[in-house]
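Raw run01.csv, CSV, C-alpha atoms:
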chain,number,residue,atom,x,y,z
A,291,MET,CA,133.9,84.4,108.1
A,292,ALA,CA,131.1,86.9,108.4
A,293,SER,CA,129.3,86.9,111.7
A,294,LYS,CA,125.5,86.5,111.9
A,295,THR,CA,123.6,89.8,112.4
A,296,TYR,CA,120.8,90.2,114.9
A,297,LEU,CA,118.3,90.3,112.1
A,298,ASP,CA,119.6,87.1,110.5
A,299,SER,CA,119.3,85.1,113.7
A,300,ARG,CA,115.8,86.3,114.6
A,301,PHE,CA,114.1,86.3,111.2
A,302,ASN,CA,115.5,84.1,108.5
A,303,LEU,CA,114.2,85.8,105.3
A,304,ASN,CA,115.4,83.0,103.0
A,305,MET,CA,113.3,80.5,105.0
A,306,HIS,CA,110.1,82.6,104.4
A,307,LEU,CA,110.8,83.6,100.9
A,308,PRO,CA,108.6,80.8,99.4
A,309,TRP,CA,105.7,81.9,101.5
A,310,ILE,CA,106.1,85.5,100.5
A,311,GLY,CA,106.3,84.4,96.9
A,312,PHE,CA,103.2,82.3,97.3
A,313,VAL,CA,101.2,85.3,98.8
A,314,LEU,CA,102.4,87.5,95.9
A,315,VAL,CA,101.3,84.9,93.3
A,316,LEU,CA,97.9,84.6,95.0
A,317,LEU,CA,97.5,88.4,95.0
A,318,ILE,CA,98.5,88.7,91.3
A,319,TRP,CA,96.0,85.9,90.5
A,320,GLN,CA,93.2,87.7,92.3
A,321,MET,CA,94.0,91.1,90.7
A,322,ARG,CA,94.0,89.5,87.3
A,323,LEU,CA,90.7,87.8,87.9
A,324,ILE,CA,89.0,90.9,89.3
A,325,GLY,CA,90.4,92.9,86.3
A,326,ALA,CA,89.2,90.4,83.8
A,327,ILE,CA,85.7,90.2,85.4
A,328,HIS,CA,85.5,94.0,85.5
A,329,GLN,CA,86.5,94.2,81.8
A,330,PHE,CA,83.9,91.6,80.9
A,331,THR,CA,81.1,93.6,82.6
A,332,ARG,CA,81.9,96.4,80.2
A,333,TYR,CA,82.0,94.1,77.2
A,334,PRO,CA,78.6,94.9,75.6
A,335,GLU,CA,79.3,98.6,75.9
A,336,ASN,CA,82.8,98.4,74.5
A,337,LEU,CA,81.7,96.1,71.7
A,338,LEU,CA,78.6,98.0,70.6
A,339,GLU,CA,79.8,101.6,71.2
A,340,GLY,CA,83.1,100.7,69.7
A,341,ILE,CA,86.5,101.1,71.4
A,342,PRO,CA,88.5,103.5,69.2
A,343,LYS,CA,90.5,101.2,66.9
A,344,PRO,CA,93.7,102.2,65.1
A,345,HIS,CA,93.4,102.8,61.4
A,346,PRO,CA,94.7,99.8,59.5
A,347,SER,CA,97.5,101.9,58.0
A,348,GLU,CA,98.7,102.8,61.5
A,349,ILE,CA,99.0,99.2,62.8
A,350,THR,CA,102.6,98.3,63.3
A,351,VAL,CA,104.0,95.0,64.5
A,352,SER,CA,106.7,94.9,67.2
A,353,PRO,CA,110.1,93.7,65.9
A,354,LYS,CA,110.0,91.2,68.8
A,355,THR,CA,107.0,89.4,67.3
A,356,SER,CA,107.9,85.8,66.7
A,357,PHE,CA,106.4,85.7,63.2
A,358,LYS,CA,105.9,88.4,60.6
A,359,ARG,CA,105.9,88.3,56.8
A,360,ASP,CA,105.2,91.2,54.5
A,361,PHE,CA,103.6,90.7,51.1
A,362,ASN,CA,103.3,93.0,48.0
A,363,PHE,CA,102.1,91.5,44.8
A,364,TYR,CA,100.0,92.3,41.7
A,365,SER,CA,96.9,90.6,40.4
A,366,THR,CA,95.5,91.0,37.0
A,367,ASP,CA,92.0,90.7,38.5
A,368,SER,CA,90.0,93.7,39.6
A,369,PRO,CA,89.6,94.5,43.3
A,370,ALA,CA,86.0,93.2,43.2
A,371,VAL,CA,87.1,89.9,41.8
A,372,CYS,CA,90.0,89.7,44.3
A,373,MET,CA,87.5,90.2,47.1
A,374,LYS,CA,85.2,87.5,45.7
A,375,LYS,CA,88.2,85.1,45.4
A,376,LEU,CA,89.2,85.8,49.0
A,377,THR,CA,85.8,85.0,50.4
A,378,GLN,CA,85.4,81.6,48.8
A,379,PRO,CA,84.4,79.0,49.9
A,380,ALA,CA,82.2,80.8,52.4
A,381,SER,CA,79.8,79.3,54.9
A,382,LYS,CA,78.2,82.1,56.9
A,383,GLU,CA,78.3,85.8,57.3
A,384,HIS,CA,78.7,87.2,60.8
A,385,TYR,CA,80.2,90.0,62.9
A,386,GLN,CA,83.6,89.7,64.5
A,387,ASN,CA,85.5,92.2,66.7
A,388,THR,CA,88.8,92.5,64.9
A,389,THR,CA,92.0,94.6,65.3
A,390,ILE,CA,90.6,97.2,63.0
A,391,GLY,CA,87.1,97.2,64.3
A,392,LEU,CA,83.8,95.4,64.4
A,393,LEU,CA,83.5,93.9,60.9
A,394,ARG,CA,80.8,91.9,59.2
A,395,GLY,CA,82.6,89.2,57.3
A,396,ILE,CA,82.7,85.7,56.0
A,397,SER,CA,83.5,82.4,57.7
A,398,THR,CA,85.5,80.1,55.5
A,399,LEU,CA,85.6,76.3,55.7
A,400,GLU,CA,89.1,76.5,57.0
A,401,GLY,CA,88.0,78.2,60.2
A,402,LEU,CA,89.0,81.7,59.1
A,403,PHE,CA,87.2,84.9,59.3
A,404,ILE,CA,87.6,87.4,56.4
A,405,GLY,CA,86.3,90.9,56.8
A,406,PHE,CA,86.6,94.0,54.6
A,407,MET,CA,86.7,97.6,55.4
A,408,GLU,CA,86.2,100.1,52.6
A,409,ASP,CA,88.3,103.2,53.6
A,410,SER,CA,87.8,105.0,50.3
A,411,PRO,CA,86.6,104.0,46.8
A,412,THR,CA,90.2,103.0,46.0
A,413,HIS,CA,91.3,101.6,49.3
A,414,THR,CA,89.8,98.5,50.7
A,415,TYR,CA,91.4,96.9,53.7
A,416,PHE,CA,90.9,93.3,54.6
A,417,VAL,CA,91.5,91.2,57.7
A,418,ILE,CA,92.0,87.4,57.8
A,419,GLU,CA,92.1,85.9,61.2
A,420,ARG,CA,90.9,83.0,63.3
A,421,ASP,CA,87.1,82.7,63.2
A,422,ASN,CA,86.0,83.2,66.8
A,423,LEU,CA,82.5,81.8,66.2
A,424,PHE,CA,83.2,78.6,64.3
A,425,SER,CA,86.8,77.7,64.6
A,426,ARG,CA,87.6,75.1,67.3
A,427,ASN,CA,91.3,75.5,67.1
A,428,GLY,CA,93.9,76.7,64.6
A,429,THR,CA,97.0,78.8,64.6
A,430,PRO,CA,96.4,82.3,65.7
A,431,ILE,CA,97.8,84.1,62.6
A,432,GLN,CA,96.4,87.4,61.4
A,433,THR,CA,96.6,89.0,58.0
A,434,ILE,CA,96.0,92.7,57.4
A,435,GLY,CA,96.1,93.8,53.8
A,436,LEU,CA,95.1,96.5,51.4
A,437,LEU,CA,93.6,96.2,47.9
A,438,GLN,CA,94.3,99.0,45.6
A,439,PRO,CA,93.4,99.3,41.9
A,440,GLU,CA,96.5,99.5,39.7
A,441,GLY,CA,96.2,99.7,35.9
A,442,ASP,CA,93.7,97.0,35.0
A,443,GLY,CA,94.4,94.9,38.0
A,444,THR,CA,95.0,95.2,41.7
A,445,ARG,CA,98.0,95.8,44.0
A,446,ILE,CA,97.7,93.8,47.2
A,447,THR,CA,100.0,94.8,50.1
A,448,GLY,CA,100.1,94.0,53.8
A,449,PHE,CA,101.5,91.6,56.3
A,450,ILE,CA,100.9,88.4,58.1
A,451,HIS,CA,101.8,88.2,61.8
A,452,ARG,CA,101.1,86.3,65.0
A,453,PRO,CA,99.3,88.8,67.3
A,454,LYS,CA,100.2,88.8,71.0
A,455,ASN,CA,96.6,89.0,72.2
A,456,MET,CA,95.7,85.8,70.3
A,457,VAL,CA,98.2,83.7,72.1
A,458,ASN,CA,98.6,84.5,75.8
A,459,PRO,CA,97.3,87.9,76.9
A,460,PRO,CA,99.9,89.7,79.1
A,461,LEU,CA,99.2,90.0,82.7
A,462,TYR,CA,98.6,93.8,82.7
A,463,TYR,CA,96.0,93.3,79.9
A,464,PHE,CA,93.5,92.2,82.6
A,465,CYS,CA,94.4,94.8,85.2
A,466,TRP,CA,94.3,98.0,83.2
A,467,SER,CA,90.6,98.6,83.5
B,174,MET,CA,75.7,99.5,84.3
B,175,SER,CA,73.8,102.6,83.0
B,176,PRO,CA,71.8,102.1,79.9
B,177,PHE,CA,73.2,103.5,76.6
B,178,ASN,CA,71.7,104.3,73.3
B,179,LEU,CA,73.0,103.2,69.9
B,180,PRO,CA,72.1,104.6,66.5
B,181,THR,CA,72.0,101.0,65.2
B,182,GLN,CA,68.8,99.0,64.5
B,183,LEU,CA,67.6,96.5,67.0
B,184,ARG,CA,68.0,93.5,64.6
B,185,CYS,CA,71.6,94.4,63.9
B,186,VAL,CA,72.6,94.9,67.6
B,187,GLY,CA,71.0,91.5,68.3
B,188,SER,CA,73.0,89.9,65.5
B,189,ILE,CA,76.3,91.4,66.7
B,190,LEU,CA,75.8,90.1,70.2
B,191,LEU,CA,74.7,86.7,69.0
B,192,ASP,CA,77.9,86.4,67.0
B,193,GLN,CA,80.1,86.9,70.0
B,194,SER,CA,79.9,83.2,71.0
B,195,SER,CA,83.4,81.9,70.7
B,196,SER,CA,85.6,78.9,71.6
B,197,ASP,CA,88.7,78.9,73.7
B,198,TYR,CA,91.8,79.8,71.8
B,199,PHE,CA,94.4,80.9,74.3
B,200,GLU,CA,97.4,78.6,74.5
B,201,ASP,CA,98.3,76.9,77.7
B,202,ASN,CA,101.6,77.4,79.5
B,203,PHE,CA,102.5,75.8,82.8
B,204,VAL,CA,104.1,78.9,84.4
B,205,LYS,CA,101.4,81.3,83.1
B,206,GLY,CA,98.8,78.8,84.1
B,207,LEU,CA,100.2,78.8,87.6
B,208,LEU,CA,99.9,82.6,87.7
B,209,GLY,CA,96.4,82.4,86.3
B,210,VAL,CA,97.1,84.0,83.0
B,211,LYS,CA,95.5,81.3,81.0
B,212,GLU,CA,91.9,82.3,80.6
B,213,SER,CA,89.2,80.6,78.8
B,214,ASN,CA,87.9,82.8,76.0
B,215,LEU,CA,84.7,80.8,75.7
B,216,ILE,CA,81.7,83.1,75.6
B,217,PHE,CA,78.2,81.9,75.4
B,218,ALA,CA,75.9,84.3,73.7
B,219,ASP,CA,72.1,84.1,73.3
B,220,VAL,CA,69.6,86.6,72.0
B,221,TYR,CA,65.9,86.0,71.9
B,222,LYS,CA,62.9,88.0,71.0
B,223,LYS,CA,60.5,89.1,73.7
B,224,THR,CA,58.3,91.4,71.7
B,225,ASP,CA,58.6,93.1,68.3
B,226,ASP,CA,60.5,96.0,69.9
B,227,THR,CA,62.3,94.2,72.6
B,228,GLN,CA,65.0,91.5,72.7
B,229,GLN,CA,66.7,90.0,75.7
B,230,PHE,CA,70.3,88.8,75.6
B,231,THR,CA,72.7,86.7,77.7
B,232,LEU,CA,76.5,86.7,77.6
B,233,GLU,CA,78.2,84.2,79.8
B,234,LYS,CA,81.9,83.8,80.3
B,235,ASP,CA,83.7,81.3,82.4
B,236,PHE,CA,86.9,82.5,84.1
B,237,ALA,CA,88.0,79.1,85.2
B,238,HIS,CA,91.2,77.4,84.3
B,239,GLY,CA,89.7,74.3,82.9
B,240,ASN,CA,90.4,72.1,85.9
B,241,GLY,CA,86.8,71.6,86.8
B,242,THR,CA,86.4,74.9,88.6
B,243,ARG,CA,83.6,77.1,87.3
B,244,LEU,CA,83.8,80.9,87.8
B,245,LYS,CA,80.9,82.1,85.7
B,246,VAL,CA,79.9,85.7,85.2
B,247,THR,CA,76.7,86.4,83.2
B,248,ILE,CA,75.6,89.6,81.6
B,249,VAL,CA,71.8,89.7,81.1
B,250,GLY,CA,70.5,92.6,79.1
B,251,GLN,CA,67.7,94.0,77.2
B,252,LEU,CA,67.6,95.7,73.8
B,253,GLN,CA,64.8,98.1,73.2
B,254,SER,CA,64.0,99.6,69.8
B,255,ASN,CA,63.3,103.4,69.9
B,256,PRO,CA,63.0,106.1,67.2
B,257,HIS,CA,66.8,106.9,67.6
B,258,GLY,CA,68.0,103.4,67.3
B,259,THR,CA,68.4,100.9,70.2
B,260,LEU,CA,68.5,101.3,73.9
B,261,VAL,CA,70.8,98.7,75.6
B,262,MET,CA,70.4,97.9,79.3
B,263,THR,CA,72.7,95.4,81.0
B,264,ASN,CA,72.9,93.7,84.3
B,265,THR,CA,75.8,91.6,85.6
B,266,HIS,CA,75.3,88.4,87.6
B,267,ILE,CA,78.2,86.8,89.4
B,268,SER,CA,77.3,83.3,90.5
B,269,MET,CA,77.4,82.4,94.2
B,270,HIS,CA,80.1,79.8,93.5
B,271,THR,CA,82.3,82.5,92.0
B,272,TRP,CA,81.7,84.8,95.0
B,273,LEU,CA,82.5,82.0,97.4
B,274,TYR,CA,85.6,81.0,95.5
B,275,MET,CA,87.0,84.5,95.3
B,276,THR,CA,86.2,85.3,99.0
B,277,ALA,CA,87.8,82.0,100.1
B,278,PHE,CA,90.9,82.8,98.0
B,279,MET,CA,91.0,86.4,99.4
B,280,GLY,CA,90.7,85.0,102.9
B,281,ILE,CA,93.5,82.5,102.5
B,282,THR,CA,95.8,85.2,101.0
B,283,LEU,CA,95.1,87.6,103.7
B,284,ALA,CA,95.5,85.0,106.4
B,285,ILE,CA,98.9,83.9,105.1
B,286,GLY,CA,100.0,87.5,104.5
B,287,LEU,CA,98.9,88.7,108.0
B,288,GLY,CA,100.4,85.6,109.5
B,289,LEU,CA,103.8,86.3,107.9
B,290,ILE,CA,103.6,90.0,109.1
B,291,ALA,CA,102.7,88.9,112.6
B,292,TYR,CA,105.5,86.4,112.7
B,293,GLY,CA,108.0,88.9,111.4
B,294,ILE,CA,107.0,91.6,113.9
B,295,GLU,CA,107.1,89.1,116.8
B,296,ASN,CA,110.5,87.9,115.9
B,297,LEU,CA,112.0,91.2,114.9
B,298,SER,CA,110.8,93.0,118.0
B,299,GLY,CA,112.7,90.5,120.1

Could the structure of this file be written out as structure tokens, please?
Amino acid sequence: MASKTYLDSRFNLNMHLPWIGFVLVLLIWQMRLIGAIHQFTRYPENLLEGIPKPHPSEITVSPKTSFKRDFNFYSTDSPAVCMKKLTQPASKEHYQNTTIGLLRGISTLEGLFIGFMEDSPTHTYFVIERDNLFSRNGTPIQTIGLLQPEGDGTRITGFIHRPKNMVNPPLYYFCWS
Amino acid sequence: MSPFNLPTQLRCVGSILLDQSSSDYFEDNFVKGLLGVKESNLIFADVYKKTDDTQQFTLEKDFAHGNGTRLKVTIVGQLQSNPHGTLVMTNTHISMHTWLYMTAFMGITLAIGLGLIAYGIENLSG
């Protein structure tokens, strides 16, 4: 049987572990809150001057993401008609800060925001995500796609995924700034 | 915050800011809620015209956890049209309640932490 050391008898660490844990939790909470407030104070500047966003073609999804589906299909409609079909039924145009940048897009009746970004005359990217302005709830699913003319129609490629920042932001997210 | 200039027109900047109102969409989780990760994403945005060349805006966010606590931080700013675009000036207001809440929390954390250290030193030094 192991004998008790001097340290064990004077200061029982196991007994105080919950208190130490409690203090750590409080410290983390405060760091997170201060980080979030600091980040918010820079919100107008970051929004209006634009934080550099990745190009849509550079966006990759982590293999650990709980949900991801790729799509690649052909439509006999022209890109302009495809865009028109995607934006119906629309209720209001507004700006939304999306993964690929600040876009002016359309709110649909389903609570989705659809924005387009013309990269070149033959490359039009689109984002479909939760409408921050009008949607009250809804699954945080995001679609990033590309419309490219092909023959007389359009090739539509991209992916649908569940972005991490739309569920629970990680702890470090609030502390980085 | 120092003022900054944008090449965008006043009306467009006002519209962008006004569209930032949003509802809460982060999911709740007990453990993360305990750590304070759950944050309300609710932002209140308002832009109103003061003169033809000036607009004032308010952005308000509540950093509370939805349990009746209110930790409001407000950014009040002014948009001023100039020949190069729009000059944006911002000022952040943290409510007295938020200051008190944070100070009290900091005090409690420090008190517990220092108490533990003092207790540890006293017992370890024999």

- Can you pull out every residue within 8 Å of Phe403 in chain A, counting all atoms listed in the file, but drop anything in the same chain fewer than 3 positions away, and send it as a ChimeraX atom specification? /A:386,395-398,417-422

- Task: Compare A:His413, A:His384, A:Arg452, A:His328 by their minimum atom-to-atom distance to Leu190 in chain B, counting all atoms listed in the file, and give me the closest one.
- Result: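 Closest to Leu190 in chain B, using all atoms listed in the file: A:His384.
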
- Item | Which of A:Arg445, A:Lys382, A:Arg322, A:His345 sits closest to Asn362 in chain A [using only C-alpha atoms] |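 Closest candidate: A:Arg445.
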
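Note that the spacing between CA of Leu436 in chain A and CA of Pro369 in chain A amounts to 10.0 Å.
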
- Query: Out of A:Phe449, A:Phe312, A:Tyr364, A:Phe330, which residue has the shortest atom-to-atom distance to Ile281 in chain B when counting all atoms listed in the file?
  - Reply: A:Phe312

- Given the choices B:Ser254, B:Thr263, B:Thr271, B:Thr224, which gets closest to Leu183 in chain B if the distance is worked out from only C-alpha atoms?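 Using only C-alpha atoms, the shortest distance to Leu183 in chain B belongs to B:Ser254.
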
- Query: Skipping near chain neighbours, those fewer than 6 positions away, what residues fall within 12 Å of Pro180 in chain B using all atoms listed in the file, listed as an MDAnalysis selection string?
  - Reply: (chainID A and resid 338:339) or (chainID B and resid 186 253:261)

- Just the residues within 12 Å of Phe230 in chain B, please, counting all atoms listed in the file, with nothing from its chain fewer than 2 positions along; format it as a PyMOL selection string. (chain A and resi 334) or (chain B and resi 183+186-193+217-223+227-228+232-233+247-253+261-265)

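Take CA of Ser175 in chain B and CA of Met279 in chain B: the distance between them is 28.8 Å.
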
- What is the CA of Ser268 in chain B to CA of Ile285 in chain B distance in Å?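 Separation between CA of Ser268 in chain B and CA of Ile285 in chain B: 26.1 Å.
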
- Could you pull the residues within 6 Å of Val246 in chain B, counting all atoms listed in the file, minus those fewer than 4 positions along the same chain, as a ChimeraX atom specification? /B:233-234,266-267

Mind checking which residues fall within 12 Å of Tyr274 in chain B, counting only C-alpha atoms, ignoring those fewer than 5 positions away in the same chain, and posting them as an mmCIF file with C-alpha atoms, keeping the file's coordinate frame?
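Result file is selection24.cif:
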data_model
loop_
_atom_site.group_PDB
_atom_site.id
_atom_site.type_symbol
_atom_site.label_atom_id
_atom_site.label_comp_id
_atom_site.auth_asym_id
_atom_site.auth_seq_id
_atom_site.Cartn_x
_atom_site.Cartn_y
_atom_site.Cartn_z
ATOM 1 C CA GLN A 320 93.200 87.700 92.300
ATOM 2 C CA LEU A 323 90.700 87.800 87.900
ATOM 3 C CA PHE B 236 86.900 82.500 84.100
ATOM 4 C CA ALA B 237 88.000 79.100 85.200
ATOM 5 C CA THR B 242 86.400 74.900 88.600
ATOM 6 C CA ARG B 243 83.600 77.100 87.300
ATOM 7 C CA LEU B 244 83.800 80.900 87.800
ATOM 8 C CA LYS B 245 80.900 82.100 85.700
ATOM 9 C CA ILE B 267 78.200 86.800 89.400
ATOM 10 C CA SER B 268 77.300 83.300 90.500
ATOM 11 C CA MET B 269 77.400 82.400 94.200
ATOM 12 C CA MET B 279 91.000 86.400 99.400
ATOM 13 C CA GLY B 280 90.700 85.000 102.900
ATOM 14 C CA ILE B 281 93.500 82.500 102.500
#

- Message: Just checking: using only C-alpha atoms, which residue out of A:Asp360, A:Asp409, A:Glu335, A:Glu383 ends up closest to His451 in chain A?
- Response: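 Nearest to His451 in chain A: A:Asp360.
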
- Kindly provide, as number ranges by chain, the polymer residues lying within 6 Å of (99.2, 98.3, 51.5), counting only C-alpha atoms and using the coordinates exactly as they appear in the file. A: 435-436, 447-448

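Using only C-alpha atoms, the smallest distance between any of A:Gly311, A:Pro453, A:Gly405, A:Gly391 and Leu337 in chain A comes from A:Gly391.
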